[in-house]
Amino acid sequence: MAVETEEGMLVRVQQENFSIDQELERVRARSTRIGGIAMFLGTARDHSKGHDVSSMTFEHYEGMAQKKLKEIRERALQDFDIIEALVLHRYGPIEIGENIVLIIIGAEHRADAFKACQWCIDELKKITPIWKMEYTPQGDVWVEEHP
Amino acid sequence: MVHVRLFGMLKTLVAGVSMLEIPLSDGAQVKDLVNSLHTQYPDLGELLLQKKVVVSVNQEVAHWETALVESDEIALLPPFAGGA
């Protein structure tokens, strides 16, 4: 049960901000075999597609979003030579400069950690039902796609 | 009758509502739902026909031949924009 709870903490969709130090420690504590940790942190920027952005809101499909992040973690653990993966995304209102998304990969060596980290964020953008509304001087805009 | 959840920009196409009730006959498939939506909400229907919006059934992306029952959790998903 304790293991399940800890695994649940490794895949989360939450409204509140997160501590990068705490999440890093969560991954590091999973195994003393970890020798390399790669991280991707996505933050809210004040400019998008040529217009200023004053803040944003993320909407998610409760249940399906969590399910897809869990799938991403499980596939990363299966397909890459890594030891642990953490995938976390926020929803609700987010101010400029705040944290949005965090991927942390623990591996024995850096190459696999980097590869898995890139794959996780790319896959998250492809398959996770999360949407972003940006607030701009021209009005509120639902963002359609990101590169 | 099925209930269809709407997310993101799709709500702006149907007067801001986040749930639609669509009458469907027994044995209906996703394509029947799409046809019905297209009749009632042409702009939304076009996005579905162009596959810019996908249909999920019980939290999995569905095909047009996926059979529907009243208790299914159905949602229309516009292009995702998670990440940063």
# chains A, B, ... in the order shown; residues from 1 in each chain; ligands from 1
>>> interface_residues(of="chain B", to="chain A", cutoff="10 Å", atoms="only C-alpha atoms", output="JSON, numbers by chain")
{"B": [5, 6, 7, 8, 9, 10, 12, 56, 58, 59, 60, 61, 75, 77, 78, 79, 80, 81, 82, 83, 84]}
>>> residues_around(residues="segment 69-73 of chain B", least_positions_apart="6", cutoff="6 Å", atoms="only C-alpha atoms", output="JSON, numbers by chain")
{"B": [1, 2, 57, 58]}
>>> residues_around(residues="Pro93 of chain A", least_positions_apart="5", cutoff="8 Å", atoms="only C-alpha atoms", output="PDB file with N, CA and C atoms, in the first residue's frame")
ATOM      1  N   SER A  55      -1.722  36.165 -18.144  1.00  0.00           N
ATOM      2  CA  SER A  55      -1.810  34.969 -17.289  1.00  0.00           C
ATOM      3  C   SER A  55      -2.500  33.881 -18.098  1.00  0.00           C
ATOM      4  N   MET A  56      -2.713  32.743 -17.501  1.00  0.00           N
ATOM      5  CA  MET A  56      -3.323  31.634 -18.240  1.00  0.00           C
ATOM      6  C   MET A  56      -4.060  30.699 -17.291  1.00  0.00           C
ATOM      7  N   THR A  57      -4.913  29.881 -17.891  1.00  0.00           N
ATOM      8  CA  THR A  57      -5.634  28.864 -17.124  1.00  0.00           C
ATOM      9  C   THR A  57      -5.551  27.540 -17.872  1.00  0.00           C
ATOM     10  N   PHE A  58      -5.269  26.492 -17.139  1.00  0.00           N
ATOM     11  CA  PHE A  58      -5.267  25.155 -17.746  1.00  0.00           C
ATOM     12  C   PHE A  58      -6.519  24.406 -17.305  1.00  0.00           C
TER      13      PHE A  58
END
>>> select_by_dssp(residues="segment 18-135 of chain A", states="alpha helix (DSSP H)", output="PyMOL selection string")
chain A and resi 20-28+64-79+110-127
>>> write_last_selection(atoms="C-alpha atoms", output="mmCIF file, in the first residue's frame")
data_model
loop_
_atom_site.group_PDB
_atom_site.id
_atom_site.type_symbol
_atom_site.label_atom_id
_atom_site.label_comp_id
_atom_site.auth_asym_id
_atom_site.auth_seq_id
_atom_site.Cartn_x
_atom_site.Cartn_y
_atom_site.Cartn_z
ATOM 1 C CA ILE A 20 11.155 21.200 -7.481
ATOM 2 C CA ASP A 21 13.489 20.244 -4.610
ATOM 3 C CA GLN A 22 10.854 17.995 -3.043
ATOM 4 C CA GLU A 23 10.015 16.309 -6.328
ATOM 5 C CA LEU A 24 13.700 15.819 -7.142
ATOM 6 C CA GLU A 25 14.209 14.225 -3.752
ATOM 7 C CA ARG A 26 11.183 11.993 -4.326
ATOM 8 C CA VAL A 27 12.831 10.569 -7.457
ATOM 9 C CA ARG A 28 16.320 10.400 -5.970
ATOM 10 C CA MET A 64 -8.355 10.766 -18.373
ATOM 11 C CA ALA A 65 -5.498 13.235 -17.867
ATOM 12 C CA GLN A 66 -4.213 11.248 -14.874
ATOM 13 C CA LYS A 67 -4.610 8.023 -16.826
ATOM 14 C CA LYS A 68 -2.532 9.338 -19.730
ATOM 15 C CA LEU A 69 0.247 10.629 -17.461
ATOM 16 C CA LYS A 70 0.342 7.204 -15.788
ATOM 17 C CA GLU A 71 0.624 5.573 -19.212
ATOM 18 C CA ILE A 72 3.504 7.907 -20.096
ATOM 19 C CA ARG A 73 5.385 7.009 -16.927
ATOM 20 C CA GLU A 74 4.841 3.281 -17.438
ATOM 21 C CA ARG A 75 5.910 3.388 -21.088
ATOM 22 C CA ALA A 76 9.009 5.430 -20.224
ATOM 23 C CA LEU A 77 9.988 2.870 -17.573
ATOM 24 C CA GLN A 78 9.439 0.065 -20.067
ATOM 25 C CA ASP A 79 11.029 1.577 -23.181
ATOM 26 C CA ARG A 110 22.729 10.603 -18.364
ATOM 27 C CA ALA A 111 22.033 9.550 -21.957
ATOM 28 C CA ASP A 112 18.946 7.508 -21.110
ATOM 29 C CA ALA A 113 17.760 10.120 -18.633
ATOM 30 C CA PHE A 114 17.885 12.863 -21.287
ATOM 31 C CA LYS A 115 16.214 10.719 -23.951
ATOM 32 C CA ALA A 116 13.389 9.600 -21.671
ATOM 33 C CA CYS A 117 12.829 13.141 -20.405
ATOM 34 C CA GLN A 118 12.413 14.525 -23.923
ATOM 35 C CA TRP A 119 10.134 11.652 -24.899
ATOM 36 C CA CYS A 120 7.919 12.162 -21.853
ATOM 37 C CA ILE A 121 7.265 15.850 -22.454
ATOM 38 C CA ASP A 122 6.712 15.300 -26.189
ATOM 39 C CA GLU A 123 4.285 12.458 -25.474
ATOM 40 C CA LEU A 124 2.513 14.452 -22.770
ATOM 41 C CA LYS A 125 1.774 17.182 -25.304
ATOM 42 C CA LYS A 126 0.464 14.616 -27.781
ATOM 43 C CA ILE A 127 -1.819 12.442 -25.686
#
>>> select_by_dssp(residues="chain A", states="strand (DSSP E or B)", output="number ranges by chain")
A: 11-14, 36-43, 47-48, 51-52, 55-60, 84-90, 92-95, 99-107, 130-136, 139-142
>>> write_last_selection(atoms="C-alpha atoms", output="CSV table (one decimal), in the first residue's frame")
chain,number,residue,atom,x,y,z
A,11,VAL,CA,2.1,11.0,-11.5
A,12,ARG,CA,-0.1,13.9,-10.5
A,13,VAL,CA,-2.4,16.5,-12.0
A,14,GLN,CA,-2.8,19.2,-9.3
A,36,GLY,CA,22.0,10.8,-13.4
A,37,ILE,CA,18.8,12.8,-13.2
A,38,ALA,CA,17.3,14.8,-16.1
A,39,MET,CA,14.5,17.3,-15.6
A,40,PHE,CA,12.2,19.4,-17.7
A,41,LEU,CA,10.4,22.2,-16.1
A,42,GLY,CA,7.8,24.1,-18.1
A,43,THR,CA,6.9,27.6,-16.9
A,47,HIS,CA,4.5,36.1,-24.8
A,48,SER,CA,2.9,33.7,-27.3
A,51,HIS,CA,1.1,38.7,-28.5
A,52,ASP,CA,1.5,39.5,-24.8
A,55,SER,CA,-1.8,35.0,-17.3
A,56,MET,CA,-3.3,31.6,-18.2
A,57,THR,CA,-5.6,28.9,-17.1
A,58,PHE,CA,-5.3,25.2,-17.7
A,59,GLU,CA,-8.3,22.9,-18.0
A,60,HIS,CA,-8.0,19.2,-17.8
A,84,GLU,CA,12.3,6.2,-12.1
A,85,ALA,CA,10.1,8.8,-13.8
A,86,LEU,CA,7.9,11.6,-12.3
A,87,VAL,CA,5.3,13.4,-14.4
A,88,LEU,CA,3.4,16.3,-12.9
A,89,HIS,CA,1.1,18.9,-14.5
A,90,ARG,CA,-0.8,21.8,-12.9
A,92,GLY,CA,-6.3,26.1,-13.0
A,93,PRO,CA,-5.1,29.7,-13.0
A,94,ILE,CA,-1.4,30.2,-13.4
A,95,GLU,CA,0.5,33.4,-13.3
A,99,ASN,CA,5.6,26.3,-12.8
A,100,ILE,CA,3.3,24.4,-15.1
A,101,VAL,CA,4.8,21.0,-15.8
A,102,LEU,CA,7.6,18.9,-14.4
A,103,ILE,CA,9.3,15.8,-15.7
A,104,ILE,CA,12.1,14.2,-13.7
A,105,ILE,CA,13.9,11.1,-14.9
A,106,GLY,CA,16.3,9.1,-12.7
A,107,ALA,CA,18.7,6.7,-14.5
A,130,ILE,CA,-5.1,19.3,-21.1
A,131,TRP,CA,-6.0,22.7,-22.6
A,132,LYS,CA,-4.7,26.2,-22.1
A,133,MET,CA,-6.5,29.5,-22.2
A,134,GLU,CA,-4.2,32.6,-22.4
A,135,TYR,CA,-5.4,36.0,-21.3
A,136,THR,CA,-4.1,38.7,-23.7
A,139,GLY,CA,-9.0,38.9,-25.4
A,140,ASP,CA,-9.0,35.4,-24.1
A,141,VAL,CA,-7.6,32.8,-26.4
A,142,TRP,CA,-7.8,29.0,-26.3
>>> closest_residue(among="B:Met19, B:Val4, B:Val14, B:Ile74", to="Pro42 of chain B", atoms="only C-alpha atoms")
B:Val14
>>> atom_distance(atom1="atom CA of Ser54 of chain A", atom2="atom CA of Ile96 of chain A")
6.7 Å
>>> atom_distance(atom1="atom CA of Ser25 of chain B", atom2="atom CA of Glu46 of chain B")
22.2 Å
>>> decode(residues="segment 4-46 of chain B", atoms="N, CA and C atoms", output="mmCIF file, in the first residue's frame")
data_model
loop_
_atom_site.group_PDB
_atom_site.id
_atom_site.type_symbol
_atom_site.label_atom_id
_atom_site.label_comp_id
_atom_site.auth_asym_id
_atom_site.auth_seq_id
_atom_site.Cartn_x
_atom_site.Cartn_y
_atom_site.Cartn_z
ATOM 1 N N VAL B 4 -22.657 14.198 -23.453
ATOM 2 C CA VAL B 4 -21.371 14.457 -24.112
ATOM 3 C C VAL B 4 -20.702 15.648 -23.450
ATOM 4 N N ARG B 5 -19.514 15.434 -22.937
ATOM 5 C CA ARG B 5 -18.782 16.530 -22.281
ATOM 6 C C ARG B 5 -17.957 17.310 -23.302
ATOM 7 N N LEU B 6 -17.851 18.594 -23.080
ATOM 8 C CA LEU B 6 -17.085 19.449 -23.987
ATOM 9 C C LEU B 6 -15.944 20.117 -23.225
ATOM 10 N N PHE B 7 -14.818 20.240 -23.887
ATOM 11 C CA PHE B 7 -13.664 20.865 -23.245
ATOM 12 C C PHE B 7 -13.100 21.997 -24.105
ATOM 13 N N GLY B 8 -12.329 22.861 -23.426
ATOM 14 C CA GLY B 8 -11.591 23.917 -24.116
ATOM 15 C C GLY B 8 -12.471 24.789 -24.974
ATOM 16 N N MET B 9 -11.964 25.092 -26.186
ATOM 17 C CA MET B 9 -12.650 26.042 -27.067
ATOM 18 C C MET B 9 -14.001 25.531 -27.572
ATOM 19 N N LEU B 10 -14.257 24.237 -27.448
ATOM 20 C CA LEU B 10 -15.516 23.693 -27.973
ATOM 21 C C LEU B 10 -16.732 24.316 -27.284
ATOM 22 N N LYS B 11 -16.559 24.682 -26.023
ATOM 23 C CA LYS B 11 -17.675 25.284 -25.285
ATOM 24 C C LYS B 11 -18.130 26.592 -25.927
ATOM 25 N N THR B 12 -17.179 27.283 -26.566
ATOM 26 C CA THR B 12 -17.544 28.560 -27.200
ATOM 27 C C THR B 12 -18.425 28.344 -28.431
ATOM 28 N N LEU B 13 -18.426 27.111 -28.960
ATOM 29 C CA LEU B 13 -19.229 26.822 -30.164
ATOM 30 C C LEU B 13 -20.662 26.442 -29.823
ATOM 31 N N VAL B 14 -20.916 26.175 -28.541
ATOM 32 C CA VAL B 14 -22.265 25.737 -28.152
ATOM 33 C C VAL B 14 -22.778 26.571 -26.975
ATOM 34 N N ALA B 15 -22.614 27.869 -27.103
ATOM 35 C CA ALA B 15 -23.157 28.830 -26.134
ATOM 36 C C ALA B 15 -22.642 28.624 -24.716
ATOM 37 N N GLY B 16 -21.404 28.173 -24.606
ATOM 38 C CA GLY B 16 -20.770 28.108 -23.294
ATOM 39 C C GLY B 16 -21.120 26.911 -22.434
ATOM 40 N N VAL B 17 -21.894 25.978 -22.945
ATOM 41 C CA VAL B 17 -22.242 24.824 -22.102
ATOM 42 C C VAL B 17 -21.116 23.787 -22.133
ATOM 43 N N SER B 18 -21.009 23.020 -21.068
ATOM 44 C CA SER B 18 -19.943 22.016 -21.012
ATOM 45 C C SER B 18 -20.481 20.589 -21.123
ATOM 46 N N MET B 19 -21.800 20.473 -21.298
ATOM 47 C CA MET B 19 -22.398 19.123 -21.438
ATOM 48 C C MET B 19 -23.596 19.208 -22.378
ATOM 49 N N LEU B 20 -23.647 18.277 -23.325
ATOM 50 C CA LEU B 20 -24.790 18.207 -24.240
ATOM 51 C C LEU B 20 -25.510 16.885 -24.024
ATOM 52 N N GLU B 21 -26.811 16.901 -24.205
ATOM 53 C CA GLU B 21 -27.596 15.659 -24.184
ATOM 54 C C GLU B 21 -28.034 15.393 -25.611
ATOM 55 N N ILE B 22 -27.638 14.256 -26.132
ATOM 56 C CA ILE B 22 -27.945 13.953 -27.531
ATOM 57 C C ILE B 22 -28.774 12.659 -27.598
ATOM 58 N N PRO B 23 -29.965 12.730 -28.168
ATOM 59 C CA PRO B 23 -30.758 11.514 -28.310
ATOM 60 C C PRO B 23 -30.167 10.611 -29.398
ATOM 61 N N LEU B 24 -29.982 9.345 -29.084
ATOM 62 C CA LEU B 24 -29.459 8.387 -30.062
ATOM 63 C C LEU B 24 -30.270 7.099 -29.957
ATOM 64 N N SER B 25 -30.418 6.432 -31.065
ATOM 65 C CA SER B 25 -31.171 5.168 -31.034
ATOM 66 C C SER B 25 -30.270 4.025 -30.570
ATOM 67 N N ASP B 26 -30.892 2.911 -30.204
ATOM 68 C CA ASP B 26 -30.133 1.736 -29.770
ATOM 69 C C ASP B 26 -29.180 1.298 -30.881
ATOM 70 N N GLY B 27 -28.014 0.855 -30.479
ATOM 71 C CA GLY B 27 -27.048 0.371 -31.471
ATOM 72 C C GLY B 27 -26.272 1.488 -32.148
ATOM 73 N N ALA B 28 -26.419 2.682 -31.652
ATOM 74 C CA ALA B 28 -25.730 3.815 -32.287
ATOM 75 C C ALA B 28 -24.216 3.707 -32.105
ATOM 76 N N GLN B 29 -23.518 4.277 -33.087
ATOM 77 C CA GLN B 29 -22.055 4.308 -33.028
ATOM 78 C C GLN B 29 -21.597 5.773 -32.968
ATOM 79 N N VAL B 30 -20.289 5.939 -32.774
ATOM 80 C CA VAL B 30 -19.733 7.295 -32.693
ATOM 81 C C VAL B 30 -20.090 8.101 -33.937
ATOM 82 N N LYS B 31 -20.053 7.467 -35.108
ATOM 83 C CA LYS B 31 -20.353 8.223 -36.339
ATOM 84 C C LYS B 31 -21.790 8.760 -36.333
ATOM 85 N N ASP B 32 -22.718 8.040 -35.687
ATOM 86 C CA ASP B 32 -24.093 8.534 -35.584
ATOM 87 C C ASP B 32 -24.156 9.766 -34.681
ATOM 88 N N LEU B 33 -23.371 9.705 -33.619
ATOM 89 C CA LEU B 33 -23.290 10.864 -32.721
ATOM 90 C C LEU B 33 -22.740 12.073 -33.479
ATOM 91 N N VAL B 34 -21.679 11.843 -34.251
ATOM 92 C CA VAL B 34 -21.067 12.932 -35.022
ATOM 93 C C VAL B 34 -22.079 13.523 -35.998
ATOM 94 N N ASN B 35 -22.841 12.676 -36.673
ATOM 95 C CA ASN B 35 -23.848 13.172 -37.620
ATOM 96 C C ASN B 35 -24.904 14.009 -36.910
ATOM 97 N N SER B 36 -25.313 13.535 -35.745
ATOM 98 C CA SER B 36 -26.320 14.256 -34.982
ATOM 99 C C SER B 36 -25.777 15.622 -34.528
ATOM 100 N N LEU B 37 -24.545 15.612 -34.054
ATOM 101 C CA LEU B 37 -23.929 16.872 -33.617
ATOM 102 C C LEU B 37 -23.778 17.833 -34.791
ATOM 103 N N HIS B 38 -23.427 17.291 -35.952
ATOM 104 C CA HIS B 38 -23.227 18.118 -37.140
ATOM 105 C C HIS B 38 -24.521 18.816 -37.539
ATOM 106 N N THR B 39 -25.621 18.105 -37.378
ATOM 107 C CA THR B 39 -26.924 18.692 -37.713
ATOM 108 C C THR B 39 -27.270 19.835 -36.759
ATOM 109 N N GLN B 40 -27.028 19.599 -35.471
ATOM 110 C CA GLN B 40 -27.431 20.598 -34.469
ATOM 111 C C GLN B 40 -26.430 21.721 -34.290
ATOM 112 N N TYR B 41 -25.161 21.375 -34.445
ATOM 113 C CA TYR B 41 -24.085 22.358 -34.227
ATOM 114 C C TYR B 41 -23.092 22.246 -35.387
ATOM 115 N N PRO B 42 -23.393 22.885 -36.520
ATOM 116 C CA PRO B 42 -22.570 22.708 -37.731
ATOM 117 C C PRO B 42 -21.079 23.000 -37.530
ATOM 118 N N ASP B 43 -20.759 24.063 -36.772
ATOM 119 C CA ASP B 43 -19.328 24.398 -36.580
ATOM 120 C C ASP B 43 -18.600 23.291 -35.829
ATOM 121 N N LEU B 44 -19.257 22.779 -34.802
ATOM 122 C CA LEU B 44 -18.677 21.680 -34.026
ATOM 123 C C LEU B 44 -18.571 20.428 -34.900
ATOM 124 N N GLY B 45 -19.622 20.180 -35.670
ATOM 125 C CA GLY B 45 -19.638 19.022 -36.559
ATOM 126 C C GLY B 45 -18.506 19.044 -37.564
ATOM 127 N N GLU B 46 -18.223 20.229 -38.118
ATOM 128 C CA GLU B 46 -17.135 20.343 -39.096
ATOM 129 C C GLU B 46 -15.795 19.936 -38.485
#
